Amino acid sequence: MADIASLLAAYDDQLRAAEIGNLPPGARAERDGPIYRVVGLAQRGFISGPRDLGLCGPALDGVIARQRSFFAARGEAVEWKTRAHDLPADVPQRLLSAGFVPEDRETVLIGVAAELPVLNALAPDGVTLREVHADADMHRIAELSSEIWDEDRSWLAASLIDQVRADPDRTVVVVAEVGDQMISAARLEIEPGTEFAGLWGGSTLPAWRGRGIYRALVAHRARLATARGIHYLHVDATEDSRPILQRWGFTAVTTTTPYVWTP
């Protein structure tokens with residue numbers, strides 16, 4: 001099993017480049033000094049960079065101010081993704097000073113797909129797992145997500161439709177159903193040019209939680225990844241899912257906090 005240092009090195013070397021290189025249809029990345037800003041995403045802009053930005057003090061404040069001005073001109077919100085091991089260490093404080101607001105901190109977890117103890121878990125009796133491709137199913141997933149999170153997530157349907165149409169082998173969408181009722185949805189997003197695939201979603205209706213559906217969706221996607229030659233699975237986990245995933249063989253390597261500026 002890989003140690004934390006080697007997992008984190010693979011994450012920094014491979015996934016930071018992928019998140020600004022493997023973009024969905026219609027999105028593009030623009031470089032500004034050490035950072036990259038991504039425009040054309042479904043929900044809001046996105047900013048990322050190397051582990052060490054190589055700037056500090058007023059020079060870093062200038063880069064932050066330019067991003068704020070850029071997205072203000074677009075009338076668009078933007079997320080600056082930070083990690084706990086990034087340098088300089090005061091990036092979060094400087095983002096706060098510039099008017100960015102932190103969202104919930106999540107833990108970056110990485111697992112070796114073929115070695116996960118949960119790999120052979122199956123769906124509970126009466127629950128069917130199904131890979132979906134049709135536009136109608138993507139709209140159902142958006143409706144399900146809106147119900148679970150009690151907010152409008154209608155934008156998710158168009159985003160998923162575009163991703164699947166552009167490259168169905170890269171984005172695999174899986175749902176859990178009881179009869180004709182969709183009760184959970186998740187996706188596997190393979191990162192071309194890397195050893196990684198991401199586990200996203202996994203949202204389940206409250207009445208169906210605690211029955212092994214999330215575990216079955218993780219296992220199903222791990223098997224899909226292994227069959228495609230993917231070595232690592234990564235997750236940005238909430239505090240609800242972090243301890244569960246760690247019990248299933250994932251390793252915590254750092255934390256990540258999005259800082260969001262909204263015009």
# chains A, B, ... in the order shown; residues from 1 in each chain; ligands from 1
>>> closest_atom_pairs(of="region 114-219 of chain A", to="region 7-15 of chain A", cutoff="12 Å", atoms="only C-alpha atoms", output="Markdown table")
| residue | atom | partner | partner_atom | distance |
| --- | --- | --- | --- | --- |
| A:Ile190 | CA | A:Leu15 | CA | 10.9 |
| A:Glu191 | CA | A:Leu15 | CA | 7.9 |
| A:Pro192 | CA | A:Gln14 | CA | 9.9 |
| A:Gly193 | CA | A:Gln14 | CA | 8.1 |
| A:Thr194 | CA | A:Gln14 | CA | 5.8 |
| A:Glu195 | CA | A:Gln14 | CA | 7.8 |
| A:Phe196 | CA | A:Leu15 | CA | 7.6 |
| A:Ala197 | CA | A:Leu15 | CA | 9.5 |
| A:Gly198 | CA | A:Leu15 | CA | 9.8 |
>>> select_by_dssp(residues="region 80-110 of chain A", states="alpha helix (DSSP H)", output="PyMOL selection string")
chain A and resi 91-97
>>> write_last_selection(atoms="N, CA, C and O atoms", output="short mmCIF file (atom, residue, chain, number, x, y, z; two decimals), in the first residue's frame")
data_model
loop_
_atom_site.label_atom_id
_atom_site.label_comp_id
_atom_site.auth_asym_id
_atom_site.auth_seq_id
_atom_site.Cartn_x
_atom_site.Cartn_y
_atom_site.Cartn_z
N VAL A 91 -2.12 32.14 1.97
CA VAL A 91 -3.07 32.34 0.86
C VAL A 91 -4.51 32.47 1.36
O VAL A 91 -5.23 33.40 0.96
N PRO A 92 -4.99 31.59 2.25
CA PRO A 92 -6.38 31.74 2.72
C PRO A 92 -6.64 33.09 3.38
O PRO A 92 -7.69 33.71 3.14
N GLN A 93 -5.72 33.56 4.20
CA GLN A 93 -5.92 34.85 4.86
C GLN A 93 -5.98 35.99 3.85
O GLN A 93 -6.77 36.93 3.99
N ARG A 94 -5.16 35.91 2.82
CA ARG A 94 -5.17 36.97 1.79
C ARG A 94 -6.44 36.91 0.94
O ARG A 94 -6.95 37.94 0.52
N LEU A 95 -6.95 35.71 0.71
CA LEU A 95 -8.23 35.59 0.02
C LEU A 95 -9.35 36.19 0.86
O LEU A 95 -10.23 36.89 0.33
N LEU A 96 -9.33 35.92 2.16
CA LEU A 96 -10.34 36.50 3.05
C LEU A 96 -10.29 38.03 2.99
O LEU A 96 -11.33 38.69 2.91
N SER A 97 -9.10 38.56 3.03
CA SER A 97 -8.95 40.02 3.00
C SER A 97 -9.47 40.62 1.70
O SER A 97 -9.88 41.78 1.67
#
>>> residues_around(residues="Val127 (chain A)", least_positions_apart="3", cutoff="7 Å", atoms="only C-alpha atoms", output="ChimeraX atom specification")
/A:123-124,176-178
>>> write_last_selection(atoms="C-alpha atoms", output="PDB file, in the first residue's frame")
ATOM      1  CA  ALA A 123     -26.242  -3.410  -3.621  1.00  0.00           C
ATOM      2  CA  PRO A 124     -28.747  -4.438  -0.937  1.00  0.00           C
ATOM      3  CA  ALA A 176     -29.407   3.344  -7.562  1.00  0.00           C
ATOM      4  CA  GLU A 177     -33.093   2.594  -8.059  1.00  0.00           C
ATOM      5  CA  VAL A 178     -35.903   0.810  -6.287  1.00  0.00           C
TER       6      VAL A 178
END
>>> closest_residue(among="A:Glu106, A:Glu143, A:Asp52, A:Asp167", to="Arg242 (chain A)", atoms="only C-alpha atoms")
A:Glu106
>>> residues_around(residues="Arg16 (chain A)", least_positions_apart="3", cutoff="9 Å", atoms="only C-alpha atoms", output="number ranges by chain")
A: 11-13, 19-21, 48-51
>>> write_last_selection(atoms="all heavy atoms", output="mmCIF file, in the first residue's frame")
data_model
loop_
_atom_site.group_PDB
_atom_site.id
_atom_site.type_symbol
_atom_site.label_atom_id
_atom_site.label_comp_id
_atom_site.auth_asym_id
_atom_site.auth_seq_id
_atom_site.Cartn_x
_atom_site.Cartn_y
_atom_site.Cartn_z
ATOM 1 N N TYR A 11 -0.785 13.057 -6.321
ATOM 2 C CA TYR A 11 -1.901 14.009 -6.381
ATOM 3 C C TYR A 11 -1.418 15.359 -6.922
ATOM 4 O O TYR A 11 -2.008 15.923 -7.849
ATOM 5 C CB TYR A 11 -2.485 14.157 -4.981
ATOM 6 C CG TYR A 11 -3.551 15.205 -4.818
ATOM 7 C CD1 TYR A 11 -4.894 14.908 -5.055
ATOM 8 C CD2 TYR A 11 -3.238 16.500 -4.401
ATOM 9 C CE1 TYR A 11 -5.881 15.871 -4.883
ATOM 10 C CE2 TYR A 11 -4.213 17.465 -4.230
ATOM 11 C CZ TYR A 11 -5.535 17.150 -4.467
ATOM 12 O OH TYR A 11 -6.508 18.105 -4.304
ATOM 13 N N ASP A 12 -0.339 15.885 -6.338
ATOM 14 C CA ASP A 12 0.169 17.189 -6.768
ATOM 15 C C ASP A 12 0.680 17.149 -8.206
ATOM 16 O O ASP A 12 0.435 18.066 -8.994
ATOM 17 C CB ASP A 12 1.298 17.647 -5.843
ATOM 18 C CG ASP A 12 0.788 18.178 -4.504
ATOM 19 O OD1 ASP A 12 -0.348 18.674 -4.461
ATOM 20 O OD2 ASP A 12 1.532 18.084 -3.513
ATOM 21 N N ASP A 13 1.384 16.091 -8.559
ATOM 22 C CA ASP A 13 1.995 16.006 -9.883
ATOM 23 C C ASP A 13 0.956 15.810 -10.983
ATOM 24 O O ASP A 13 1.103 16.345 -12.089
ATOM 25 C CB ASP A 13 3.000 14.852 -9.934
ATOM 26 C CG ASP A 13 4.234 15.122 -9.089
ATOM 27 O OD1 ASP A 13 4.449 16.280 -8.706
ATOM 28 O OD2 ASP A 13 4.976 14.161 -8.808
ATOM 29 N N GLU A 19 -6.884 19.184 -13.472
ATOM 30 C CA GLU A 19 -8.075 19.973 -13.181
ATOM 31 C C GLU A 19 -8.159 21.250 -14.012
ATOM 32 O O GLU A 19 -9.231 21.857 -14.107
ATOM 33 C CB GLU A 19 -8.173 20.285 -11.692
ATOM 34 C CG GLU A 19 -7.154 21.244 -11.148
ATOM 35 C CD GLU A 19 -7.242 21.376 -9.625
ATOM 36 O OE1 GLU A 19 -8.052 20.642 -9.011
ATOM 37 O OE2 GLU A 19 -6.504 22.188 -9.060
ATOM 38 N N ILE A 20 -7.061 21.636 -14.633
ATOM 39 C CA ILE A 20 -7.143 22.785 -15.548
ATOM 40 C C ILE A 20 -6.872 22.356 -16.991
ATOM 41 O O ILE A 20 -6.954 23.171 -17.906
ATOM 42 C CB ILE A 20 -6.196 23.928 -15.109
ATOM 43 C CG1 ILE A 20 -4.755 23.444 -14.899
ATOM 44 C CG2 ILE A 20 -6.723 24.601 -13.862
ATOM 45 C CD1 ILE A 20 -3.895 23.510 -16.112
ATOM 46 N N GLY A 21 -6.574 21.074 -17.193
ATOM 47 C CA GLY A 21 -6.335 20.569 -18.542
ATOM 48 C C GLY A 21 -7.463 19.697 -19.067
ATOM 49 O O GLY A 21 -7.815 19.762 -20.248
ATOM 50 N N SER A 48 -6.964 27.583 -9.830
ATOM 51 C CA SER A 48 -6.050 26.644 -9.198
ATOM 52 C C SER A 48 -4.623 26.999 -9.612
ATOM 53 O O SER A 48 -4.405 27.857 -10.472
ATOM 54 C CB SER A 48 -6.385 25.207 -9.587
ATOM 55 O OG SER A 48 -5.559 24.289 -8.895
ATOM 56 N N GLY A 49 -3.670 26.325 -8.993
ATOM 57 C CA GLY A 49 -2.280 26.570 -9.319
ATOM 58 C C GLY A 49 -1.401 25.491 -8.736
ATOM 59 O O GLY A 49 -1.879 24.507 -8.172
ATOM 60 N N PRO A 50 -0.085 25.655 -8.841
ATOM 61 C CA PRO A 50 0.836 24.672 -8.272
ATOM 62 C C PRO A 50 0.815 24.734 -6.752
ATOM 63 O O PRO A 50 0.269 25.676 -6.153
ATOM 64 C CB PRO A 50 2.191 25.106 -8.827
ATOM 65 C CG PRO A 50 2.044 26.581 -9.031
ATOM 66 C CD PRO A 50 0.617 26.782 -9.469
ATOM 67 N N ARG A 51 1.442 23.744 -6.124
ATOM 68 C CA ARG A 51 1.490 23.742 -4.660
ATOM 69 C C ARG A 51 2.121 25.023 -4.123
ATOM 70 O O ARG A 51 1.624 25.623 -3.181
ATOM 71 C CB ARG A 51 2.266 22.526 -4.160
ATOM 72 C CG ARG A 51 2.373 22.506 -2.640
ATOM 73 C CD ARG A 51 3.286 21.420 -2.112
ATOM 74 N NE ARG A 51 3.392 21.535 -0.665
ATOM 75 C CZ ARG A 51 4.213 20.824 0.084
ATOM 76 N NH1 ARG A 51 5.024 19.945 -0.482
ATOM 77 N NH2 ARG A 51 4.254 20.987 1.394
#
>>> closest_residue(among="A:Val38, A:Leu205, A:Leu233, A:Leu87", to="Ser146 (chain A)", atoms="only C-alpha atoms")
A:Leu205
>>> decode(residues="region 32-69 of chain A", atoms="N, CA, C and O atoms", output="CSV table (one decimal), in the first residue's frame")
chain,number,residue,atom,x,y,z
A,32,ASP,N,-2.6,33.3,-15.5
A,32,ASP,CA,-2.3,34.6,-15.1
A,32,ASP,C,-1.2,34.5,-14.0
A,32,ASP,O,-1.5,34.1,-12.8
A,33,GLY,N,0.1,34.7,-14.4
A,33,GLY,CA,1.2,34.5,-13.4
A,33,GLY,C,1.2,33.0,-13.0
A,33,GLY,O,1.2,32.1,-13.9
A,34,PRO,N,1.3,32.7,-11.8
A,34,PRO,CA,1.4,31.3,-11.4
A,34,PRO,C,0.1,30.5,-11.3
A,34,PRO,O,0.1,29.3,-11.2
A,35,ILE,N,-1.1,31.2,-11.5
A,35,ILE,CA,-2.3,30.5,-11.4
A,35,ILE,C,-3.0,30.3,-12.7
A,35,ILE,O,-2.6,31.0,-13.7
A,36,TYR,N,-4.0,29.5,-12.7
A,36,TYR,CA,-4.9,29.3,-13.9
A,36,TYR,C,-6.3,29.6,-13.5
A,36,TYR,O,-6.7,29.1,-12.4
A,37,ARG,N,-7.0,30.3,-14.3
A,37,ARG,CA,-8.4,30.5,-14.1
A,37,ARG,C,-9.2,29.8,-15.2
A,37,ARG,O,-8.8,29.9,-16.4
A,38,VAL,N,-10.3,29.2,-14.8
A,38,VAL,CA,-11.1,28.5,-15.8
A,38,VAL,C,-12.4,29.2,-15.9
A,38,VAL,O,-13.1,29.5,-14.9
A,39,VAL,N,-12.8,29.4,-17.2
A,39,VAL,CA,-14.1,30.0,-17.5
A,39,VAL,C,-14.9,29.1,-18.3
A,39,VAL,O,-14.4,28.2,-19.0
A,40,GLY,N,-16.2,29.3,-18.3
A,40,GLY,CA,-17.1,28.5,-19.2
A,40,GLY,C,-17.6,27.3,-18.5
A,40,GLY,O,-18.2,26.4,-19.1
A,41,LEU,N,-17.5,27.2,-17.1
A,41,LEU,CA,-18.1,26.1,-16.4
A,41,LEU,C,-19.5,26.3,-16.1
A,41,LEU,O,-20.0,27.5,-16.2
A,42,ALA,N,-20.2,25.3,-15.7
A,42,ALA,CA,-21.7,25.4,-15.6
A,42,ALA,C,-22.1,26.3,-14.4
A,42,ALA,O,-23.1,27.0,-14.5
A,43,GLN,N,-21.3,26.2,-13.3
A,43,GLN,CA,-21.8,26.9,-12.1
A,43,GLN,C,-21.1,28.2,-11.8
A,43,GLN,O,-21.7,29.2,-11.5
A,44,ARG,N,-19.7,28.2,-11.8
A,44,ARG,CA,-19.0,29.4,-11.5
A,44,ARG,C,-17.5,29.2,-12.0
A,44,ARG,O,-17.1,28.0,-12.4
A,45,GLY,N,-16.8,30.2,-12.0
A,45,GLY,CA,-15.4,30.1,-12.4
A,45,GLY,C,-14.6,29.3,-11.4
A,45,GLY,O,-15.0,29.1,-10.3
A,46,PHE,N,-13.3,29.0,-11.8
A,46,PHE,CA,-12.5,28.2,-11.0
A,46,PHE,C,-11.0,28.6,-11.1
A,46,PHE,O,-10.6,29.0,-12.2
A,47,ILE,N,-10.3,28.6,-10.0
A,47,ILE,CA,-8.9,29.0,-10.0
A,47,ILE,C,-8.1,27.9,-9.2
A,47,ILE,O,-8.5,27.5,-8.2
A,48,SER,N,-7.0,27.6,-9.8
A,48,SER,CA,-6.0,26.6,-9.2
A,48,SER,C,-4.6,27.0,-9.6
A,48,SER,O,-4.4,27.9,-10.5
A,49,GLY,N,-3.7,26.3,-9.0
A,49,GLY,CA,-2.3,26.6,-9.3
A,49,GLY,C,-1.4,25.5,-8.7
A,49,GLY,O,-1.9,24.5,-8.2
A,50,PRO,N,-0.1,25.7,-8.8
A,50,PRO,CA,0.8,24.7,-8.3
A,50,PRO,C,0.8,24.7,-6.8
A,50,PRO,O,0.3,25.7,-6.2
A,51,ARG,N,1.4,23.7,-6.1
A,51,ARG,CA,1.5,23.7,-4.7
A,51,ARG,C,2.1,25.0,-4.1
A,51,ARG,O,1.6,25.6,-3.2
A,52,ASP,N,3.2,25.5,-4.7
A,52,ASP,CA,3.9,26.7,-4.3
A,52,ASP,C,3.7,27.7,-5.4
A,52,ASP,O,4.2,27.6,-6.5
A,53,LEU,N,3.0,28.8,-5.0
A,53,LEU,CA,2.7,29.8,-6.0
A,53,LEU,C,4.0,30.7,-6.3
A,53,LEU,O,4.0,31.3,-7.3
A,54,GLY,N,4.9,30.6,-5.4
A,54,GLY,CA,6.2,31.4,-5.7
A,54,GLY,C,6.0,32.9,-5.5
A,54,GLY,O,6.9,33.6,-6.0
A,55,LEU,N,4.9,33.3,-4.9
A,55,LEU,CA,4.7,34.7,-4.7
A,55,LEU,C,4.3,34.9,-3.3
A,55,LEU,O,3.8,34.0,-2.6
A,56,CYS,N,4.5,36.1,-2.8
A,56,CYS,CA,4.1,36.4,-1.4
A,56,CYS,C,3.8,37.9,-1.3
A,56,CYS,O,4.1,38.7,-2.3
A,57,GLY,N,3.2,38.3,-0.3
A,57,GLY,CA,2.9,39.8,0.0
A,57,GLY,C,2.2,40.5,-1.1
A,57,GLY,O,1.2,39.9,-1.6
A,58,PRO,N,2.6,41.7,-1.4
A,58,PRO,CA,1.8,42.5,-2.4
A,58,PRO,C,1.7,41.9,-3.8
A,58,PRO,O,0.7,42.0,-4.5
A,59,ALA,N,2.7,41.1,-4.2
A,59,ALA,CA,2.6,40.4,-5.5
A,59,ALA,C,1.5,39.4,-5.5
A,59,ALA,O,0.8,39.3,-6.5
A,60,LEU,N,1.3,38.7,-4.4
A,60,LEU,CA,0.2,37.7,-4.4
A,60,LEU,C,-1.1,38.4,-4.3
A,60,LEU,O,-2.1,38.0,-4.9
A,61,ASP,N,-1.2,39.5,-3.5
A,61,ASP,CA,-2.4,40.3,-3.4
A,61,ASP,C,-2.8,40.8,-4.8
A,61,ASP,O,-4.0,40.9,-5.1
A,62,GLY,N,-1.8,41.2,-5.6
A,62,GLY,CA,-2.1,41.7,-6.9
A,62,GLY,C,-2.7,40.6,-7.8
A,62,GLY,O,-3.7,40.9,-8.6
A,63,VAL,N,-2.2,39.4,-7.7
A,63,VAL,CA,-2.8,38.3,-8.5
A,63,VAL,C,-4.2,38.0,-8.1
A,63,VAL,O,-5.1,37.9,-8.9
A,64,ILE,N,-4.5,38.1,-6.8
A,64,ILE,CA,-5.8,37.8,-6.2
A,64,ILE,C,-6.8,38.9,-6.7
A,64,ILE,O,-7.9,38.7,-7.2
A,65,ALA,N,-6.3,40.2,-6.6
A,65,ALA,CA,-7.2,41.3,-7.1
A,65,ALA,C,-7.5,41.2,-8.5
A,65,ALA,O,-8.6,41.5,-9.0
A,66,ARG,N,-6.6,40.8,-9.4
A,66,ARG,CA,-6.8,40.7,-10.8
A,66,ARG,C,-7.9,39.6,-11.1
A,66,ARG,O,-8.7,39.8,-12.0
A,67,GLN,N,-7.9,38.5,-10.3
A,67,GLN,CA,-8.9,37.5,-10.6
A,67,GLN,C,-10.3,38.0,-10.2
A,67,GLN,O,-11.3,37.8,-10.8
A,68,ARG,N,-10.3,38.7,-9.1
A,68,ARG,CA,-11.6,39.3,-8.6
A,68,ARG,C,-12.2,40.3,-9.6
A,68,ARG,O,-13.3,40.3,-10.0
A,69,SER,N,-11.3,41.1,-10.2
A,69,SER,CA,-11.7,42.1,-11.2
A,69,SER,C,-12.2,41.4,-12.5
A,69,SER,O,-13.1,41.8,-13.1
